[in-house]
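Colleague: Provided below: input10.cif, containing mmCIF, C-alpha atoms.
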data_structure
loop_
_atom_site.label_atom_id
_atom_site.label_comp_id
_atom_site.auth_asym_id
_atom_site.auth_seq_id
_atom_site.Cartn_x
_atom_site.Cartn_y
_atom_site.Cartn_z
CA MET A 202 30.51 57.56 -4.32
CA SER A 203 26.96 56.27 -3.90
CA LYS A 204 26.45 52.58 -4.46
CA VAL A 205 24.26 51.51 -7.35
CA ALA A 206 23.11 47.89 -7.58
CA LEU A 207 21.64 46.14 -10.60
CA ILE A 208 19.71 42.93 -9.89
CA THR A 209 18.66 40.40 -12.52
CA GLY A 210 15.86 38.13 -11.34
CA VAL A 211 14.55 40.98 -9.18
CA THR A 212 10.99 39.59 -9.16
CA GLY A 213 12.10 36.27 -7.62
CA GLN A 214 12.36 35.20 -4.01
CA ASP A 215 16.02 36.23 -3.62
CA GLY A 216 15.69 39.33 -5.77
CA SER A 217 12.89 40.75 -3.64
CA TYR A 218 14.71 40.13 -0.35
CA LEU A 219 17.99 41.47 -1.74
CA SER A 220 16.23 44.62 -2.99
CA GLU A 221 14.84 45.26 0.49
CA PHE A 222 18.25 44.62 2.07
CA LEU A 223 20.16 46.92 -0.28
CA LEU A 224 17.58 49.72 0.00
CA SER A 225 18.00 49.52 3.78
CA LYS A 226 21.75 50.02 3.20
CA GLY A 227 21.12 53.21 1.23
CA TYR A 228 21.72 51.77 -2.24
CA GLU A 229 20.09 52.94 -5.43
CA VAL A 230 18.58 49.66 -6.64
CA HIS A 231 17.79 48.83 -10.26
CA GLY A 232 16.07 45.60 -11.29
CA ILE A 233 15.77 43.90 -14.67
CA ILE A 234 12.41 42.40 -15.58
CA ARG A 235 11.39 40.56 -18.74
CA ARG A 236 8.71 41.81 -21.12
CA SER A 237 5.81 39.40 -20.81
CA SER A 238 2.08 39.26 -21.40
CA VAL A 239 1.81 38.16 -17.76
CA ASP A 240 3.15 40.40 -15.00
CA PHE A 241 4.86 38.65 -12.07
CA ARG A 242 5.68 41.51 -9.71
CA GLU A 243 3.89 40.33 -6.56
CA ARG A 244 7.10 40.01 -4.53
CA ILE A 245 8.30 43.55 -5.31
CA ALA A 246 4.98 45.40 -5.62
CA HIS A 247 5.53 47.01 -2.20
CA LEU A 248 8.85 48.47 -3.40
CA GLU A 249 7.57 50.13 -6.57
CA GLY A 250 7.20 53.86 -6.14
CA GLN A 251 10.15 54.13 -3.75
CA PRO A 252 12.53 56.85 -5.03
CA ASN A 253 15.63 54.59 -5.02
CA PHE A 254 14.01 51.58 -6.67
CA HIS A 255 13.87 51.38 -10.47
CA LEU A 256 12.87 48.71 -13.00
CA HIS A 257 14.15 48.17 -16.55
CA PHE A 258 13.17 45.73 -19.27
CA GLY A 259 15.84 43.23 -20.27
CA ASP A 260 16.52 39.52 -20.70
CA LEU A 261 19.46 37.20 -20.11
CA GLY A 262 18.73 35.75 -23.53
CA ASP A 263 19.19 39.15 -25.21
CA SER A 264 22.71 40.58 -24.98
CA MET A 265 21.78 43.96 -26.50
CA SER A 266 19.14 44.58 -23.83
CA LEU A 267 21.72 43.86 -21.12
CA VAL A 268 24.29 46.20 -22.68
CA LYS A 269 21.68 48.98 -22.85
CA VAL A 270 20.61 48.60 -19.21
CA VAL A 271 24.17 48.26 -17.86
CA GLY A 272 25.29 51.26 -19.92
CA LYS A 273 22.39 53.36 -18.65
CA VAL A 274 22.56 52.38 -14.97
CA LYS A 275 26.38 52.12 -14.67
CA PRO A 276 26.11 49.91 -11.57
CA THR A 277 28.84 49.54 -8.96
CA GLU A 278 27.47 46.06 -8.13
CA ILE A 279 25.58 43.50 -10.21
CA TYR A 280 23.75 40.56 -8.66
CA ASN A 281 22.93 37.99 -11.33
CA LEU A 282 20.08 36.05 -9.73
CA ALA A 283 18.03 35.41 -12.88
CA ALA A 284 17.85 31.80 -14.01
CA GLN A 285 15.65 28.93 -15.02
CA SER A 286 16.02 27.63 -11.50
CA HIS A 287 13.91 24.47 -11.39
CA VAL A 288 15.80 21.17 -11.68
CA GLN A 289 12.82 19.20 -13.02
CA VAL A 290 12.07 21.84 -15.67
CA SER A 291 15.67 21.57 -16.89
CA PHE A 292 15.02 17.98 -17.97
CA ASP A 293 11.99 19.17 -19.95
CA SER A 294 13.65 22.30 -21.37
CA PRO A 295 17.41 21.68 -21.41
CA GLU A 296 18.21 24.06 -24.30
CA PHE A 297 16.35 27.00 -22.74
CA THR A 298 18.02 26.25 -19.39
CA ALA A 299 21.47 26.28 -21.02
CA ASP A 300 20.79 29.55 -22.84
CA VAL A 301 19.74 31.40 -19.68
CA ASP A 302 21.78 29.72 -16.94
CA ALA A 303 25.03 29.27 -18.88
CA THR A 304 25.26 31.70 -21.80
CA GLY A 305 23.22 34.27 -19.85
CA VAL A 306 26.06 34.62 -17.35
CA LEU A 307 28.51 35.24 -20.20
CA ARG A 308 26.20 37.95 -21.57
CA VAL A 309 26.20 39.76 -18.22
CA LEU A 310 30.00 39.66 -17.99
CA GLU A 311 30.38 40.86 -21.58
CA ALA A 312 27.86 43.66 -21.02
CA VAL A 313 30.07 44.97 -18.20
CA ARG A 314 33.13 44.84 -20.46
CA ALA A 315 31.30 46.41 -23.40
CA CYS A 316 30.34 49.35 -21.19
CA GLY A 317 33.89 49.78 -19.88
CA LEU A 318 32.91 49.02 -16.28
CA GLU A 319 35.17 46.02 -15.65
CA LYS A 320 37.33 47.99 -13.16
CA THR A 321 34.47 49.67 -11.26
CA CYS A 322 31.66 47.11 -11.18
CA ARG A 323 31.65 44.08 -8.87
CA ILE A 324 29.60 41.07 -9.99
CA TYR A 325 27.90 38.39 -7.92
CA GLN A 326 26.84 35.19 -9.67
CA ALA A 327 24.16 33.03 -8.01
CA SER A 328 25.61 29.56 -8.18
CA THR A 329 24.12 26.43 -6.67
CA SER A 330 24.77 23.36 -4.53
CA GLU A 331 23.45 21.32 -7.46
CA LEU A 332 27.00 21.64 -8.87
CA TYR A 333 27.98 18.90 -6.43
CA GLY A 334 25.18 16.71 -7.75
CA LYS A 335 26.21 13.10 -7.37
CA VAL A 336 28.18 14.04 -4.30
CA GLU A 337 31.75 12.82 -3.93
CA GLU A 338 32.32 14.28 -0.45
CA VAL A 339 30.17 15.12 2.59
CA PRO A 340 29.79 17.88 3.64
CA GLN A 341 30.59 19.99 0.56
CA ASN A 342 32.89 23.02 0.68
CA GLU A 343 34.67 25.28 -1.84
CA ASN A 344 37.20 22.53 -2.65
CA THR A 345 34.77 19.62 -3.10
CA PRO A 346 34.82 18.20 -6.68
CA PHE A 347 31.79 19.06 -8.80
CA HIS A 348 29.63 16.33 -10.32
CA PRO A 349 26.55 18.01 -11.85
CA TYR A 350 23.61 15.65 -12.14
CA SER A 351 20.97 17.54 -14.17
CA PRO A 352 20.83 19.87 -17.19
CA TYR A 353 20.30 22.72 -14.71
CA ALA A 354 23.46 21.83 -12.78
CA VAL A 355 25.54 21.46 -15.95
CA ALA A 356 24.41 24.89 -17.16
CA LYS A 357 25.17 26.42 -13.78
CA LEU A 358 28.63 24.83 -13.85
CA TYR A 359 29.41 26.75 -17.04
CA GLY A 360 28.25 29.93 -15.26
CA PHE A 361 30.58 29.19 -12.34
CA TRP A 362 33.61 28.55 -14.55
CA ILE A 363 33.06 31.51 -16.90
CA VAL A 364 32.96 33.83 -13.85
CA LYS A 365 36.24 32.33 -12.64
CA GLU A 366 37.74 32.72 -16.13
CA TYR A 367 36.79 36.42 -16.41
CA ARG A 368 38.15 37.02 -12.92
CA GLU A 369 41.52 35.61 -13.92
CA ALA A 370 41.67 36.71 -17.57
CA TYR A 371 40.42 40.30 -17.16
CA ASN A 372 41.10 40.91 -13.45
CA MET A 373 37.40 41.57 -12.84
CA PHE A 374 35.86 41.48 -9.37
CA CYS A 375 33.38 38.70 -10.04
CA CYS A 376 32.49 35.90 -7.64
CA SER A 377 30.08 33.00 -7.22
CA GLY A 378 28.05 32.23 -4.14
CA ILE A 379 27.38 28.49 -4.08
CA LEU A 380 24.00 28.62 -2.41
CA PHE A 381 22.47 25.56 -0.85
CA ASN A 382 18.68 25.27 -0.68
CA HIS A 383 17.17 28.44 0.72
CA GLU A 384 13.45 28.83 1.22
CA SER A 385 10.90 31.35 2.44
CA GLU A 386 7.24 32.28 2.33
CA ARG A 387 8.07 33.85 -1.07
CA ARG A 388 9.34 30.57 -2.57
CA GLY A 389 7.66 29.53 -5.83
CA GLU A 390 4.80 27.10 -5.38
CA THR A 391 6.37 24.48 -7.68
CA PHE A 392 9.33 23.94 -5.32
CA VAL A 393 8.99 21.01 -2.93
CA THR A 394 9.16 23.01 0.32
CA ARG A 395 6.41 25.43 -0.69
CA LYS A 396 4.41 22.56 -2.15
CA ILE A 397 4.57 20.91 1.29
CA THR A 398 3.64 23.99 3.34
CA LEU A 399 0.74 24.88 1.05
CA ALA A 400 -0.56 21.30 1.14
CA ALA A 401 -0.31 21.18 4.95
CA ALA A 402 -2.32 24.41 5.17
CA ARG A 403 -4.94 23.23 2.68
CA ILE A 404 -5.33 19.80 4.27
CA ALA A 405 -5.64 21.37 7.73
CA GLN A 406 -8.38 23.65 6.42
CA GLY A 407 -10.25 20.90 4.55
CA LEU A 408 -9.38 22.11 1.05
CA GLN A 409 -7.09 19.21 -0.01
CA ASP A 410 -7.13 15.49 0.71
CA LYS A 411 -3.55 14.33 0.22
CA LEU A 412 0.02 15.38 -0.65
CA TYR A 413 2.10 13.42 -3.16
CA LEU A 414 5.91 13.67 -2.98
CA GLY A 415 8.99 12.04 -4.49
CA ASN A 416 11.95 10.66 -2.55
CA LEU A 417 11.21 11.36 1.13
CA SER A 418 14.74 10.36 2.13
CA SER A 419 16.46 13.04 0.01
CA LEU A 420 18.70 15.13 2.27
CA ARG A 421 19.06 18.91 1.93
CA ASP A 422 20.73 21.79 3.73
CA TRP A 423 17.83 24.26 4.05
CA GLY A 424 18.24 27.90 5.07
CA TYR A 425 16.14 31.08 5.09
CA ALA A 426 16.48 33.15 1.90
CA LYS A 427 16.18 36.38 3.87
CA ASP A 428 19.39 35.45 5.73
CA TYR A 429 21.21 34.31 2.59
CA VAL A 430 20.93 37.61 0.67
CA GLU A 431 23.06 39.26 3.36
CA CYS A 432 25.86 36.82 2.52
CA MET A 433 25.56 37.68 -1.19
CA TRP A 434 26.20 41.31 -0.27
CA LEU A 435 29.09 40.43 2.06
CA ILE A 436 30.80 38.50 -0.77
CA LEU A 437 30.97 41.71 -2.84
CA GLN A 438 32.25 43.74 0.15
CA ASN A 439 35.19 41.37 0.60
CA ASP A 440 38.72 42.67 -0.05
CA LYS A 441 39.27 40.29 -2.94
CA PRO A 442 36.98 38.32 -5.28
CA GLU A 443 36.44 34.78 -4.03
CA ASP A 444 33.81 32.06 -4.27
CA PHE A 445 31.91 31.01 -1.15
CA VAL A 446 29.59 28.22 -0.05
CA ILE A 447 26.42 29.68 1.49
CA ALA A 448 24.74 27.07 3.69
CA THR A 449 23.66 26.34 7.27
CA GLY A 450 25.85 23.28 7.77
CA VAL A 451 22.81 21.33 9.01
CA GLN A 452 21.03 18.63 7.03
CA HIS A 453 17.40 17.47 6.99
CA SER A 454 15.27 15.09 4.91
CA VAL A 455 12.16 15.87 2.88
CA ARG A 456 10.36 13.64 5.39
CA GLU A 457 11.43 15.92 8.27
CA PHE A 458 10.31 19.02 6.39
CA ALA A 459 6.89 17.46 5.83
CA TYR A 460 6.64 16.36 9.48
CA TYR A 461 7.30 19.86 10.85
CA ALA A 462 5.12 21.55 8.23
CA PHE A 463 2.11 19.45 9.20
CA LYS A 464 2.96 19.87 12.89
CA HIS A 465 2.78 23.66 12.58
CA ALA A 466 -0.52 23.28 10.74
CA GLY A 467 -1.89 21.34 13.74
CA ILE A 468 -1.41 17.80 12.38
CA GLU A 469 0.97 15.14 13.68
CA LEU A 470 2.20 12.61 11.13
CA LYS A 471 3.63 9.15 11.57
CA PHE A 472 5.57 7.71 8.63
CA GLU A 473 5.31 4.00 7.84
CA GLY A 474 6.74 1.84 5.05
CA GLU A 475 9.78 2.34 2.83
CA GLY A 476 10.57 3.78 -0.60
CA MET A 477 7.59 3.95 -2.92
CA ASN A 478 5.38 2.39 -0.24
CA GLU A 479 6.08 4.97 2.47
CA LYS A 480 3.09 6.89 3.78
CA GLY A 481 2.47 9.73 6.22
CA ILE A 482 -0.51 8.95 8.46
CA CYS A 483 -2.29 11.45 10.70
CA VAL A 484 -2.05 10.30 14.33
CA ALA A 485 -3.18 13.55 15.97
CA GLY A 486 -5.04 16.65 14.82
CA PRO A 487 -8.53 17.38 13.52
CA GLU A 488 -10.79 14.42 14.36
CA GLU A 489 -11.85 13.89 10.75
CA LEU A 490 -8.20 13.44 9.67
CA VAL A 491 -6.94 11.04 12.37
CA GLY A 492 -6.04 7.67 10.87
CA LYS A 493 -6.03 8.98 7.30
CA VAL A 494 -3.08 8.77 4.91
CA LEU A 495 -2.15 12.40 4.16
CA VAL A 496 1.24 11.93 2.45
CA GLU A 497 2.08 9.39 -0.24
CA VAL A 498 5.03 8.81 -2.56
CA SER A 499 4.47 9.06 -6.31
CA GLU A 500 6.86 7.93 -9.02
CA ASP A 501 5.77 11.01 -11.00
CA PHE A 502 8.06 13.09 -8.79
CA TYR A 503 11.17 10.97 -9.15
CA ARG A 504 13.74 12.58 -11.47
CA PRO A 505 15.81 10.75 -14.15
CA THR A 506 18.86 11.50 -11.98
CA ASP A 507 18.27 12.65 -8.42
CA VAL A 508 20.61 14.40 -5.99
CA VAL A 509 20.05 12.88 -2.57
CA ASN A 510 22.74 14.19 -0.19
CA LEU A 511 23.42 17.94 -0.28
CA TRP A 512 25.10 19.30 2.86
CA GLY A 513 27.10 22.53 2.86
CA ASP A 514 30.07 23.60 4.95
CA PRO A 515 29.88 27.40 5.53
CA THR A 516 33.17 27.58 7.50
CA LYS A 517 34.85 29.91 4.97
CA ALA A 518 31.92 32.36 4.84
CA LYS A 519 31.76 32.48 8.64
CA ALA A 520 35.52 33.03 9.02
CA LYS A 521 36.21 35.46 6.16
CA LEU A 522 32.90 37.34 5.91
CA GLY A 523 31.66 37.15 9.49
CA TRP A 524 28.35 35.74 8.25
CA ASN A 525 26.03 33.97 10.69
CA PRO A 526 24.15 31.08 9.00
CA SER A 527 22.22 30.22 12.17
CA LYS A 528 19.95 33.26 12.48
CA THR A 529 16.88 31.23 11.55
CA SER A 530 16.68 27.55 12.55
CA PHE A 531 15.22 24.84 10.34
CA GLU A 532 12.07 24.52 12.41
CA GLU A 533 11.65 28.32 12.58
CA LEU A 534 11.92 28.46 8.78
CA VAL A 535 9.21 25.81 8.36
CA LYS A 536 7.00 27.61 10.88
CA ILE A 537 7.36 30.96 9.06
CA MET A 538 6.36 29.33 5.77
CA VAL A 539 3.41 27.40 7.22
CA GLU A 540 2.00 30.41 9.09
CA SER A 541 2.15 32.45 5.89
CA ASP A 542 0.42 29.72 3.89
CA MET A 543 -2.21 29.11 6.57
CA ALA A 544 -3.18 32.79 6.23
CA LYS A 545 -3.04 32.63 2.43
CA VAL A 546 -5.25 29.53 2.26
CA ALA A 547 -7.74 30.99 4.77
CA ALA A 548 -8.04 34.12 2.63
CA GLU A 549 -8.47 32.04 -0.52
CA GLY A 550 -11.12 29.91 1.20
CA ALA A 551 -13.03 32.99 2.33
CA ALA A 552 -12.91 34.48 -1.16
CA GLN A 553 -14.08 31.18 -2.65
CA LYS A 554 -17.00 31.06 -0.22
CA VAL A 555 -18.04 34.60 -1.20
CA ARG A 556 -17.95 33.65 -4.89
CA MET A 557 -20.00 30.49 -4.27
CA ASN A 558 -22.59 32.41 -2.24
CA LEU A 559 -22.81 35.09 -4.91
CA ALA A 560 -23.27 32.45 -7.62
CA GLU A 561 -26.03 30.82 -5.55
CA TYR A 562 -27.78 34.15 -5.01
CA LEU A 563 -27.59 34.95 -8.71
CA GLU A 564 -29.00 31.55 -9.58
CA LYS A 565 -31.92 32.07 -7.21
CA GLY A 566 -32.45 35.58 -8.50
CA ILE A 567 -31.78 37.13 -5.09
CA VAL A 568 -29.05 39.36 -6.55
CA LYS A 569 -29.35 40.94 -9.98
#
Would you mind writing the structure in this file as structure tokens?
Modeller:
Amino acid sequence: MSKVALITGVTGQDGSYLSEFLLSKGYEVHGIIRRSSVDFRERIAHLEGQPNFHLHFGDLGDSMSLVKVVGKVKPTEIYNLAAQSHVQVSFDSPEFTADVDATGVLRVLEAVRACGLEKTCRIYQASTSELYGKVEEVPQNENTPFHPYSPYAVAKLYGFWIVKEYREAYNMFCCSGILFNHESERRGETFVTRKITLAAARIAQGLQDKLYLGNLSSLRDWGYAKDYVECMWLILQNDKPEDFVIATGVQHSVREFAYYAFKHAGIELKFEGEGMNEKGICVAGPEELVGKVLVEVSEDFYRPTDVVNLWGDPTKAKAKLGWNPSKTSFEELVKIMVESDMAKVAAEGAAQKVRMNLAEYLEKGIVK
């Protein structure tokens, strides 16, 4: 029997990498995208037109659309990656976050049952290290108590528990992967890691003066999204449905991420001061930047409640799934992201220069 995968959140960072991975495994891959006046398909544009890649309109907020797509596709595996995935946004839009990240998971599970696929379809739920929130144990594993510390985390906790409930109540093969922070060159530009790598590239190329960040001492377990989607797949190939922590087991601060990002952009930073008064000063790099403050802390980026010590223990995933979390090191990850953004910023700068020259020519009447 050929394997058919249905991916929600297919246009996101993880969805695009997972689509590539499953296509390489010979899957027929179907993705759900939302109807919108703005099209966000940049990450999967290179996959469209492939014979085994298909897109369908649907929404986690609309149960009927999910039932229709699931009934039509009849997937053997579902990867529920769609979510309002930004912690800060969840404070601004808590109701929307709850509808998508909590009730949306229930809608996916019920769509499978409504279509009579509960015995043939395996379901992966993208859970999050934010469940641990105000951490009660370091590092965190599958048995660490949860203490969600944001509307996003609370909504995701419902998603985790409803998956567990359907597994036990209906004997469905549904599991959660508790993913710790995973980044890539496809990460959204509002997330702190991508914000840092873009700023480093722009500052190095003279297109930005300074980067403002929140708590530089926040600790995270950062991995490469391209490596993590393999573990999602391995979870659904396991003999029995279980939940797994997906992490590197290595911890770094926001400060370290910024240091290495600027280093790979050709700038060496030295951090001075503490808390709100901490600054990142250029001590080596382009002559015009040496001695300048390039990184500052802003209270605008402090959250009402902030998670400061996330650190995953991937022992179970390594032992039971044979997954290797160390394929891409922390510094390699930062380098990949910076090199991508250096090229992106250079292209943007060149395009901007062309537009400015054209505007000047038009003004002078050289070009009509």
Colleague: Expressed in Å to a single decimal, how great is the separation between atom CA of A:Gly481 and atom CA of A:Ser454?
Modeller: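 For atom CA of A:Gly481 relative to atom CA of A:Ser454, the distance reads 13.9 Å.
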Colleague: Compile a residue-level contact table for stretch 268-350 of chain A against stretch 437-444 of chain A at a cut-off of 9 Å, reporting for every qualifying residue the shortest atom pair and its distance in Å to one decimal, with only C-alpha atoms counted, rows ordered by chain and ascending number, as a Markdown table.
Modeller:
| residue | atom | partner | partner_atom | distance |
| --- | --- | --- | --- | --- |
| A:Glu278 | CA | A:Leu437 | CA | 7.7 |
| A:Arg323 | CA | A:Leu437 | CA | 6.5 |
| A:Ile324 | CA | A:Leu437 | CA | 7.3 |
| A:Tyr325 | CA | A:Leu437 | CA | 6.8 |
| A:Glu343 | CA | A:Asp444 | CA | 7.3 |
Colleague: I need the residue nearest A:Gln251 from this list: A:Val393, A:Val271, A:Val451, A:Val230. Use only C-alpha atoms for the distance.
Modeller: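 For A:Gln251, the nearest of the given residues is A:Val230.
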Colleague: Using all atoms listed in the file, what does the table of stretch 273-383 of chain A residues within 9 Å of stretch 412-433 of chain A look like, with each row giving the shortest atom pair and its distance in Å to one decimal, sorted by chain and ascending number, as a tab-separated table?
Modeller:
residue	atom	partner	partner_atom	distance
A:Tyr280	CA	A:Met433	CA	8.2
A:Tyr325	CA	A:Met433	CA	7.2
A:Gln326	CA	A:Met433	CA	8.9
A:Ala327	CA	A:Met433	CA	8.4
A:Ser377	CA	A:Met433	CA	8.9
A:Gly378	CA	A:Met433	CA	6.7
A:Leu380	CA	A:Tyr429	CA	8.1
A:Phe381	CA	A:Asp422	CA	6.2
A:Asn382	CA	A:Trp423	CA	4.9
A:His383	CA	A:Gly424	CA	4.5
Colleague: Between A:Gln409, A:Ser237, A:Ser385, A:Gln285, which is the closest to A:Glu540 once you count all atoms listed in the file?
Modeller: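 That would be A:Ser385, the residue with the smallest distance to A:Glu540.
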Colleague: Residues picked by the PyMOL selection byres ((chain A and resi 401-404) around 7) here, as a ChimeraX atom specification?
Modeller: /A:397-400,405-410,462-463,466,539,542-543,546
Colleague: Suppose you want the space between atom CA of A:Ala283 and atom CA of A:Gln341; what is it in Å?
Modeller: 24.0 Å
Colleague: Select, counting only C-alpha atoms, all protein, DNA and RNA residues no farther than 7 Å from (-3.7, 13.9, 11.8) in file coordinates, and express the selection as a list of chain:residue names.
Modeller: A:Ile468, A:Glu469, A:Leu470, A:Ile482, A:Cys483, A:Val484, A:Ala485, A:Gly486, A:Pro487, A:Leu490, A:Val491, A:Gly492
Colleague: Could those residues be written to a file, using C-alpha atoms, as a PDB file, keeping the file's coordinate frame?
Modeller:
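Okay, part33.pdb is ready:
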ATOM      1  CA  ILE A 468      -1.410  17.800  12.380  1.00  0.00           C
ATOM      2  CA  GLU A 469       0.970  15.140  13.680  1.00  0.00           C
ATOM      3  CA  LEU A 470       2.200  12.610  11.130  1.00  0.00           C
ATOM      4  CA  ILE A 482      -0.510   8.950   8.460  1.00  0.00           C
ATOM      5  CA  CYS A 483      -2.290  11.450  10.700  1.00  0.00           C
ATOM      6  CA  VAL A 484      -2.050  10.300  14.330  1.00  0.00           C
ATOM      7  CA  ALA A 485      -3.180  13.550  15.970  1.00  0.00           C
ATOM      8  CA  GLY A 486      -5.040  16.650  14.820  1.00  0.00           C
ATOM      9  CA  PRO A 487      -8.530  17.380  13.520  1.00  0.00           C
ATOM     10  CA  LEU A 490      -8.200  13.440   9.670  1.00  0.00           C
ATOM     11  CA  VAL A 491      -6.940  11.040  12.370  1.00  0.00           C
ATOM     12  CA  GLY A 492      -6.040   7.670  10.870  1.00  0.00           C
TER      13      GLY A 492
END
Colleague: Determine, counting all atoms listed in the file, which protein, DNA and RNA residues have an atom within 10 Å of an atom of A:Arg388; residues of the same chain fewer than 6 positions away are not included. Present the result as a ChimeraX atom specification.
Modeller: /A:213-215,244,394-396,426,538
Colleague: What are the centre and the three edge lengths of an axis-aligned box that wraps all atoms of stretch 247-263 of chain A in the file, given that 5 Å is added to every side, written as AutoDock Vina command-line options and rounded to one decimal in Å?
Modeller:
--center_x 12.5 --center_y 46.3 --center_z -13.7 --size_x 23.9 --size_y 31.1 --size_z 33.0
Colleague: Kindly indicate which residue among A:Cys322, A:Tyr461, A:Asn253, A:Asp300 lies nearest to A:Lys275, using all atoms listed in the file for the distances.
Modeller: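 Of A:Cys322, A:Tyr461, A:Asn253, A:Asp300, the one nearest A:Lys275 is A:Cys322, counting all atoms listed in the file.
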Colleague: If the PyMOL selection byres ((chain A and resi 373) around 10) is run on the structure shown, which residues does it catch, given as a PyMOL selection string?
Modeller: chain A and resi 310+313-314+318-324+364-372+374-376+442
Colleague: Take the residues from that selection and write them out as a short mmCIF file (atom, residue, chain, number, x, y, z; two decimals), in the coordinates of the input, keeping C-alpha atoms.
Modeller:
data_model
loop_
_atom_site.label_atom_id
_atom_site.label_comp_id
_atom_site.auth_asym_id
_atom_site.auth_seq_id
_atom_site.Cartn_x
_atom_site.Cartn_y
_atom_site.Cartn_z
CA LEU A 310 30.00 39.66 -17.99
CA VAL A 313 30.07 44.97 -18.20
CA ARG A 314 33.13 44.84 -20.46
CA LEU A 318 32.91 49.02 -16.28
CA GLU A 319 35.17 46.02 -15.65
CA LYS A 320 37.33 47.99 -13.16
CA THR A 321 34.47 49.67 -11.26
CA CYS A 322 31.66 47.11 -11.18
CA ARG A 323 31.65 44.08 -8.87
CA ILE A 324 29.60 41.07 -9.99
CA VAL A 364 32.96 33.83 -13.85
CA LYS A 365 36.24 32.33 -12.64
CA GLU A 366 37.74 32.72 -16.13
CA TYR A 367 36.79 36.42 -16.41
CA ARG A 368 38.15 37.02 -12.92
CA GLU A 369 41.52 35.61 -13.92
CA ALA A 370 41.67 36.71 -17.57
CA TYR A 371 40.42 40.30 -17.16
CA ASN A 372 41.10 40.91 -13.45
CA PHE A 374 35.86 41.48 -9.37
CA CYS A 375 33.38 38.70 -10.04
CA CYS A 376 32.49 35.90 -7.64
CA PRO A 442 36.98 38.32 -5.28
#
Colleague: Taking into account only C-alpha atoms, which residue in the set A:Ser541, A:Gln553, A:Ser530, A:Thr391 is nearest to A:Gln289?
Modeller: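 The answer is A:Thr391, which sits nearest to A:Gln289.
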Colleague: I'd like the neighbourhood of A:Ala206 as a list in words, where a residue qualifies if any of its atoms comes within 9 Å (using all atoms listed in the file), though same-chain residues fewer than 6 positions away should be ignored.
Modeller: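 Near A:Ala206, the qualifying residues are Ser220, Leu223, Tyr228, Glu229, Val230, His231, Gly232, Val274, Lys275, Pro276, Thr277, Glu278, Ile279 and Tyr280 of chain A.
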Colleague: Quick one: residues within 12 Å of A:Asp240, all atoms listed in the file counted, chain neighbours fewer than 6 positions away excluded, as an MDAnalysis selection string?
Modeller: chainID A and resid 212 234 246
Colleague: Using the chain letters and residue numbers of this document, give as a VMD selection string the residues selected by the PyMOL selection byres ((chain A and resi 354-356) around 7).
Modeller: chain A and resid 298 to 299 302 to 303 331 to 332 349 to 353 357 to 360
Colleague: So the first atom is atom CA of A:Ala518 and the second is atom CA of A:Ile379; what is the distance between them in Å, to one decimal place?
Modeller: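 We find that atom CA of A:Ala518 and atom CA of A:Ile379 lie 10.7 Å from each other.
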Colleague: From the set A:Ile233, A:Ala520, A:Leu282, A:Ala448, which residue has the shortest atom-to-atom contact distance to A:Gly216, counting all atoms listed in the file?
Modeller: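 The closest residue to A:Gly216 is A:Leu282.
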